[in-house]
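Some notes on the structure that comes next.
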Amino acid sequence: MIHEELYKTIFTRRSIRKYDMTPLPEQKLQEIKNFADNTKKLVPGIKCEICFLDKENVKNIFPIKAPHYISIYSEKKEGYLMNVGFMLQQVDLFLSANNLVSCWLGIAKPSKEVPTSNNDMEFVIMLAFGNTHEKLHRADTSEFKRKGISEITSITGADELLEAARLAPSASNSQPWYFSGDQNEIIISREKLSFLKAPIFNRINQIDMGIALCHLWLSIEHQGKTAYFDYTKSNAPKGYEFMLKVKVGGGKSC
Ligand SMILES: Cc1cc2nc3c(=O)[nH]c(=O)nc-3n(C[C@H](O)[C@H](O)[C@H](O)COP(=O)(O)O)c2cc1C
């Protein structure tokens with residue numbers, strides 16, 4: 001699927017928590033697996049593996065019962081949580097673009113060890129997915145509950161570019177992102193967490209950052225430009241922690 005279709009889906013996708021339990025046809029599952037195995041990485045050097053689980057193989061204290069779950073495993077290298085968010089959000093958008101529905105599950109775990117090809121990999125997170133009898137898509141962006149653009153950026157003239165990132169899903173809708181710098185070099189920062197919130201959100205908020213970056217990357221491509229990810233440190237605004245910079249280049253790369 002071309003990136004433009006994923007981009008368009010950003011403006012209508014939603015999380016679904018009630019599923020039709022009829023399993024999807026094998027061919028559909030294969031299509032999803034092929035897409036998932038070929039997603040773009042934020043950090044190309046990190047090895048990841050994606051597998052499908054069914055409800056018998058998932059433990060969830062707030063059960064969301066779905067016919068299928070997609071589970072991601074990763075090497076634990078610098079930036080791996082953002083990388084996982086970046087990759088799996090492409091799958092979340094792909095599902096929505098194909099009239100399927102999904103929900104990120106921050107607490108669920110596989111009920112048994114799933115063998116991966118590399119022992120250094122750990123389970124990171126999963127997405128529930130399938131069909132639903134509920135409404136598949138939002139009608140327009142007024143149906144999103146999100147911070148306003150001025151709460152997440154100080155950059156003038158970049159509202160259109162950043163709108164896709166503003167609409168990104170996050171754990172407990174926490175939206176921990178902030179965009180500063182300028183339109184050509186966007187500094188991406190994450191909200192610093194209080195002593196009380198840190199144990200709950202420190203890990204998962206890094207996945208959220210990867211999700212917002214996926215939306216930003218698609219938005220940059222939509223404008224016919226290229227995103228370059230640069231980890232050279234810059235100053236973050238007060239109350240935020242620097243994550244990376246996105247440099248916006250002229251033409252599209254492959
Ligand atoms: C990393 C992550 C973890 C999440 N974990 C859960 C979860 O455990 N249970 C749940 O019901 N929703 C979960 N969500 C869904 C969010 O609550 C949802 O994305 C957010 O409220 C925004 O709503 P929307 O996705 O419909 O736009 C999670 C979302 C993300 C991005």
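The way I read the labels, and the way they are meant: chains A, B, ... in the order of the structure tokens, residue 1 as the first residue of every chain, and ligand 1 as the first ligand shown, with later ones counted on from there.
Within 12 Å of Asp140 in chain A, once only C-alpha atoms are used and residues closer than 6 positions along the same chain are dropped, the contacting residues are Lys8, Thr9, Ile10, Phe11, Thr12, Arg13, Arg14 and Leu167 of chain A.
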Could you save the residues just selected, with all heavy atoms, as a PDB file, in the first residue's frame?
ATOM      1  N   LYS A   8      -3.837   9.320   4.527  1.00  0.00           N
ATOM      2  CA  LYS A   8      -5.258   9.711   4.543  1.00  0.00           C
ATOM      3  C   LYS A   8      -5.983   9.084   5.731  1.00  0.00           C
ATOM      4  O   LYS A   8      -6.875   9.684   6.326  1.00  0.00           O
ATOM      5  CB  LYS A   8      -5.937   9.227   3.251  1.00  0.00           C
ATOM      6  CG  LYS A   8      -5.777  10.183   2.102  1.00  0.00           C
ATOM      7  CD  LYS A   8      -6.798   9.819   1.023  1.00  0.00           C
ATOM      8  CE  LYS A   8      -6.170   9.848  -0.340  1.00  0.00           C
ATOM      9  NZ  LYS A   8      -6.660   8.808  -1.240  1.00  0.00           N
ATOM     10  N   THR A   9      -5.566   7.879   6.082  1.00  0.00           N
ATOM     11  CA  THR A   9      -6.235   7.136   7.164  1.00  0.00           C
ATOM     12  C   THR A   9      -6.028   7.794   8.531  1.00  0.00           C
ATOM     13  O   THR A   9      -6.847   7.618   9.439  1.00  0.00           O
ATOM     14  CB  THR A   9      -5.708   5.687   7.158  1.00  0.00           C
ATOM     15  OG1 THR A   9      -5.826   5.204   5.830  1.00  0.00           O
ATOM     16  CG2 THR A   9      -6.497   4.790   8.070  1.00  0.00           C
ATOM     17  N   ILE A  10      -4.934   8.549   8.665  1.00  0.00           N
ATOM     18  CA  ILE A  10      -4.641   9.235   9.937  1.00  0.00           C
ATOM     19  C   ILE A  10      -5.841  10.061  10.403  1.00  0.00           C
ATOM     20  O   ILE A  10      -6.132  10.155  11.590  1.00  0.00           O
ATOM     21  CB  ILE A  10      -3.399  10.156   9.763  1.00  0.00           C
ATOM     22  CG1 ILE A  10      -2.140   9.317   9.617  1.00  0.00           C
ATOM     23  CG2 ILE A  10      -3.290  11.178  10.895  1.00  0.00           C
ATOM     24  CD1 ILE A  10      -0.886  10.137   9.267  1.00  0.00           C
ATOM     25  N   PHE A  11      -6.574  10.637   9.444  1.00  0.00           N
ATOM     26  CA  PHE A  11      -7.628  11.608   9.760  1.00  0.00           C
ATOM     27  C   PHE A  11      -8.981  10.960  10.081  1.00  0.00           C
ATOM     28  O   PHE A  11      -9.941  11.667  10.409  1.00  0.00           O
ATOM     29  CB  PHE A  11      -7.749  12.628   8.612  1.00  0.00           C
ATOM     30  CG  PHE A  11      -6.431  13.330   8.378  1.00  0.00           C
ATOM     31  CD1 PHE A  11      -5.498  12.831   7.468  1.00  0.00           C
ATOM     32  CD2 PHE A  11      -6.084  14.442   9.135  1.00  0.00           C
ATOM     33  CE1 PHE A  11      -4.260  13.433   7.298  1.00  0.00           C
ATOM     34  CE2 PHE A  11      -4.846  15.056   8.967  1.00  0.00           C
ATOM     35  CZ  PHE A  11      -3.933  14.549   8.055  1.00  0.00           C
ATOM     36  N   THR A  12      -9.042   9.636   9.981  1.00  0.00           N
ATOM     37  CA  THR A  12     -10.325   8.960  10.275  1.00  0.00           C
ATOM     38  C   THR A  12     -10.182   7.753  11.208  1.00  0.00           C
ATOM     39  O   THR A  12     -11.178   7.229  11.685  1.00  0.00           O
ATOM     40  CB  THR A  12     -11.000   8.462   8.972  1.00  0.00           C
ATOM     41  OG1 THR A  12     -10.092   7.582   8.294  1.00  0.00           O
ATOM     42  CG2 THR A  12     -11.381   9.610   8.060  1.00  0.00           C
ATOM     43  N   ARG A  13      -8.941   7.305  11.477  1.00  0.00           N
ATOM     44  CA  ARG A  13      -8.791   6.068  12.258  1.00  0.00           C
ATOM     45  C   ARG A  13      -9.307   6.251  13.694  1.00  0.00           C
ATOM     46  O   ARG A  13      -9.370   7.351  14.216  1.00  0.00           O
ATOM     47  CB  ARG A  13      -7.335   5.580  12.277  1.00  0.00           C
ATOM     48  CG  ARG A  13      -6.387   6.535  12.978  1.00  0.00           C
ATOM     49  CD  ARG A  13      -5.198   5.875  13.619  1.00  0.00           C
ATOM     50  NE  ARG A  13      -5.526   5.026  14.747  1.00  0.00           N
ATOM     51  CZ  ARG A  13      -5.887   5.481  15.944  1.00  0.00           C
ATOM     52  NH1 ARG A  13      -6.003   6.777  16.196  1.00  0.00           N
ATOM     53  NH2 ARG A  13      -6.165   4.637  16.915  1.00  0.00           N
ATOM     54  N   ARG A  14      -9.662   5.152  14.299  1.00  0.00           N
ATOM     55  CA  ARG A  14     -10.044   5.176  15.722  1.00  0.00           C
ATOM     56  C   ARG A  14      -9.732   3.822  16.351  1.00  0.00           C
ATOM     57  O   ARG A  14      -9.638   2.819  15.644  1.00  0.00           O
ATOM     58  CB  ARG A  14     -11.532   5.534  15.881  1.00  0.00           C
ATOM     59  CG  ARG A  14     -12.483   4.530  15.270  1.00  0.00           C
ATOM     60  CD  ARG A  14     -13.892   5.091  15.116  1.00  0.00           C
ATOM     61  NE  ARG A  14     -14.553   5.218  16.391  1.00  0.00           N
ATOM     62  CZ  ARG A  14     -15.610   4.484  16.769  1.00  0.00           C
ATOM     63  NH1 ARG A  14     -16.116   3.553  15.967  1.00  0.00           N
ATOM     64  NH2 ARG A  14     -16.164   4.671  17.937  1.00  0.00           N
ATOM     65  N   LEU A 167      -2.838  14.229  15.756  1.00  0.00           N
ATOM     66  CA  LEU A 167      -3.936  13.258  15.832  1.00  0.00           C
ATOM     67  C   LEU A 167      -3.477  11.847  16.209  1.00  0.00           C
ATOM     68  O   LEU A 167      -4.294  10.924  16.303  1.00  0.00           O
ATOM     69  CB  LEU A 167      -4.677  13.210  14.480  1.00  0.00           C
ATOM     70  CG  LEU A 167      -5.347  14.516  14.042  1.00  0.00           C
ATOM     71  CD1 LEU A 167      -5.935  14.366  12.650  1.00  0.00           C
ATOM     72  CD2 LEU A 167      -6.428  14.938  15.040  1.00  0.00           C
TER      73      LEU A 167
END
Contacts with ligand 1 at most 8 Å, only C-alpha atoms and all ligand atoms counted, listed as a PyMOL selection string: chain A and resi 13-17+62+64+85+103-108+125+144-145+167-174+204-205+207-208+211
Who sits within 12 Å of Asn235 in chain A, only C-alpha atoms, same chain under 3 positions skipped, as a PyMOL selection string: chain A and resi 179-181+186-190+231-232+238-245
Could you save those same residues with N, CA and C atoms as an mmCIF file, in the first residue's frame?
data_model
loop_
_atom_site.group_PDB
_atom_site.id
_atom_site.type_symbol
_atom_site.label_atom_id
_atom_site.label_comp_id
_atom_site.auth_asym_id
_atom_site.auth_seq_id
_atom_site.Cartn_x
_atom_site.Cartn_y
_atom_site.Cartn_z
ATOM 1 N N PHE A 179 6.762 19.839 19.567
ATOM 2 C CA PHE A 179 7.526 20.097 18.348
ATOM 3 C C PHE A 179 8.028 21.540 18.377
ATOM 4 N N SER A 180 9.379 21.707 18.404
ATOM 5 C CA SER A 180 9.938 23.066 18.381
ATOM 6 C C SER A 180 10.963 23.140 17.248
ATOM 7 N N GLY A 181 11.789 24.183 17.246
ATOM 8 C CA GLY A 181 12.722 24.370 16.128
ATOM 9 C C GLY A 181 12.034 25.143 15.028
ATOM 10 N N ILE A 186 12.836 20.037 12.743
ATOM 11 C CA ILE A 186 11.847 19.962 13.829
ATOM 12 C C ILE A 186 12.453 19.198 15.010
ATOM 13 N N ILE A 187 12.462 19.844 16.161
ATOM 14 C CA ILE A 187 12.974 19.187 17.378
ATOM 15 C C ILE A 187 11.798 18.471 18.043
ATOM 16 N N ILE A 188 11.977 17.176 18.273
ATOM 17 C CA ILE A 188 10.897 16.364 18.845
ATOM 18 C C ILE A 188 11.237 16.078 20.305
ATOM 19 N N SER A 189 10.354 16.496 21.208
ATOM 20 C CA SER A 189 10.622 16.302 22.634
ATOM 21 C C SER A 189 9.454 15.577 23.297
ATOM 22 N N ARG A 190 9.779 14.966 24.433
ATOM 23 C CA ARG A 190 8.779 14.197 25.188
ATOM 24 C C ARG A 190 8.597 14.829 26.567
ATOM 25 N N TYR A 231 19.917 12.351 15.537
ATOM 26 C CA TYR A 231 19.908 12.202 17.009
ATOM 27 C C TYR A 231 20.904 13.141 17.705
ATOM 28 N N THR A 232 21.517 14.075 16.936
ATOM 29 C CA THR A 232 22.423 15.045 17.559
ATOM 30 C C THR A 232 21.622 15.933 18.509
ATOM 31 N N LYS A 238 11.356 23.806 28.236
ATOM 32 C CA LYS A 238 11.265 23.506 29.673
ATOM 33 C C LYS A 238 10.145 22.470 29.916
ATOM 34 N N GLY A 239 10.458 21.491 30.727
ATOM 35 C CA GLY A 239 9.448 20.466 31.053
ATOM 36 C C GLY A 239 9.443 19.297 30.071
ATOM 37 N N TYR A 240 10.317 19.374 29.055
ATOM 38 C CA TYR A 240 10.376 18.318 28.039
ATOM 39 C C TYR A 240 11.794 17.766 27.917
ATOM 40 N N GLU A 241 11.880 16.556 27.378
ATOM 41 C CA GLU A 241 13.169 15.892 27.188
ATOM 42 C C GLU A 241 13.398 15.717 25.687
ATOM 43 N N PHE A 242 14.605 16.062 25.203
ATOM 44 C CA PHE A 242 14.916 15.931 23.778
ATOM 45 C C PHE A 242 14.906 14.457 23.357
ATOM 46 N N MET A 243 14.274 14.156 22.211
ATOM 47 C CA MET A 243 14.290 12.776 21.688
ATOM 48 C C MET A 243 15.119 12.692 20.395
ATOM 49 N N LEU A 244 14.773 13.491 19.393
ATOM 50 C CA LEU A 244 15.496 13.534 18.125
ATOM 51 C C LEU A 244 15.034 14.737 17.310
ATOM 52 N N LYS A 245 15.723 14.943 16.176
ATOM 53 C CA LYS A 245 15.303 16.016 15.266
ATOM 54 C C LYS A 245 14.860 15.369 13.958
#
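Here CA of Pro67 in chain A and CA of His3 in chain A stand 26.9 Å from one another.
If you look at CA of Glu221 in chain A and CA of Leu6 in chain A, they are 10.9 Å away from each other.
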Spatial neighbours of Ser150 in chain A, max dist 9 Å, only C-alpha atoms, sep filter under 4 positions, as a VMD selection string: chain A and resid 154 to 155 159
Writing out the chosen residues with N, CA, C and O atoms as an mmCIF file, in the first residue's frame:
data_model
loop_
_atom_site.group_PDB
_atom_site.id
_atom_site.type_symbol
_atom_site.label_atom_id
_atom_site.label_comp_id
_atom_site.auth_asym_id
_atom_site.auth_seq_id
_atom_site.Cartn_x
_atom_site.Cartn_y
_atom_site.Cartn_z
ATOM 1 N N SER A 154 5.645 25.247 18.960
ATOM 2 C CA SER A 154 5.937 26.684 18.941
ATOM 3 C C SER A 154 6.302 27.110 17.516
ATOM 4 O O SER A 154 6.651 28.257 17.286
ATOM 5 N N ILE A 155 6.250 26.185 16.564
ATOM 6 C CA ILE A 155 6.657 26.494 15.185
ATOM 7 C C ILE A 155 5.503 27.195 14.465
ATOM 8 O O ILE A 155 4.382 26.683 14.464
ATOM 9 N N ASP A 159 1.323 24.238 10.935
ATOM 10 C CA ASP A 159 0.114 23.573 11.447
ATOM 11 C C ASP A 159 -0.315 22.402 10.570
ATOM 12 O O ASP A 159 -0.687 21.339 11.072
#
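The residues of range 23-55 of chain A that DSSP classifies as alpha helix (DSSP H), using the backbone of this structure, are A:Glu26, A:Gln27, A:Lys28, A:Leu29, A:Gln30, A:Glu31, A:Ile32, A:Lys33, A:Asn34, A:Phe35, A:Ala36, A:Asp37.
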Which of range 39-253 of chain A DSSP labels strand (DSSP E or B), written as a PyMOL selection string: chain A and resi 48-53+58-59+68-75+101-105+109-110+121-131+153+177-182+185-191+226-230+240-249
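CA of Ala212 in chain A sits 21.2 Å away from CA of Leu136 in chain A.
By only C-alpha atoms, and with residues fewer than 6 positions from His222 in chain A along its chain excluded, the set lying at most 12 Å from it is Ile2, His3, Glu4, Glu5, Leu6, Tyr7, Lys8, Ile10, Glu160, Leu161, Leu162, Ala164, His215, Leu216, Gly251 and Lys252 of chain A.
You can rank A:Lys65, A:Asn202, A:Pro176, A:Met121 by their closest distance to Ile50 in chain A using only C-alpha atoms, and at the top of that list sits A:Met121.
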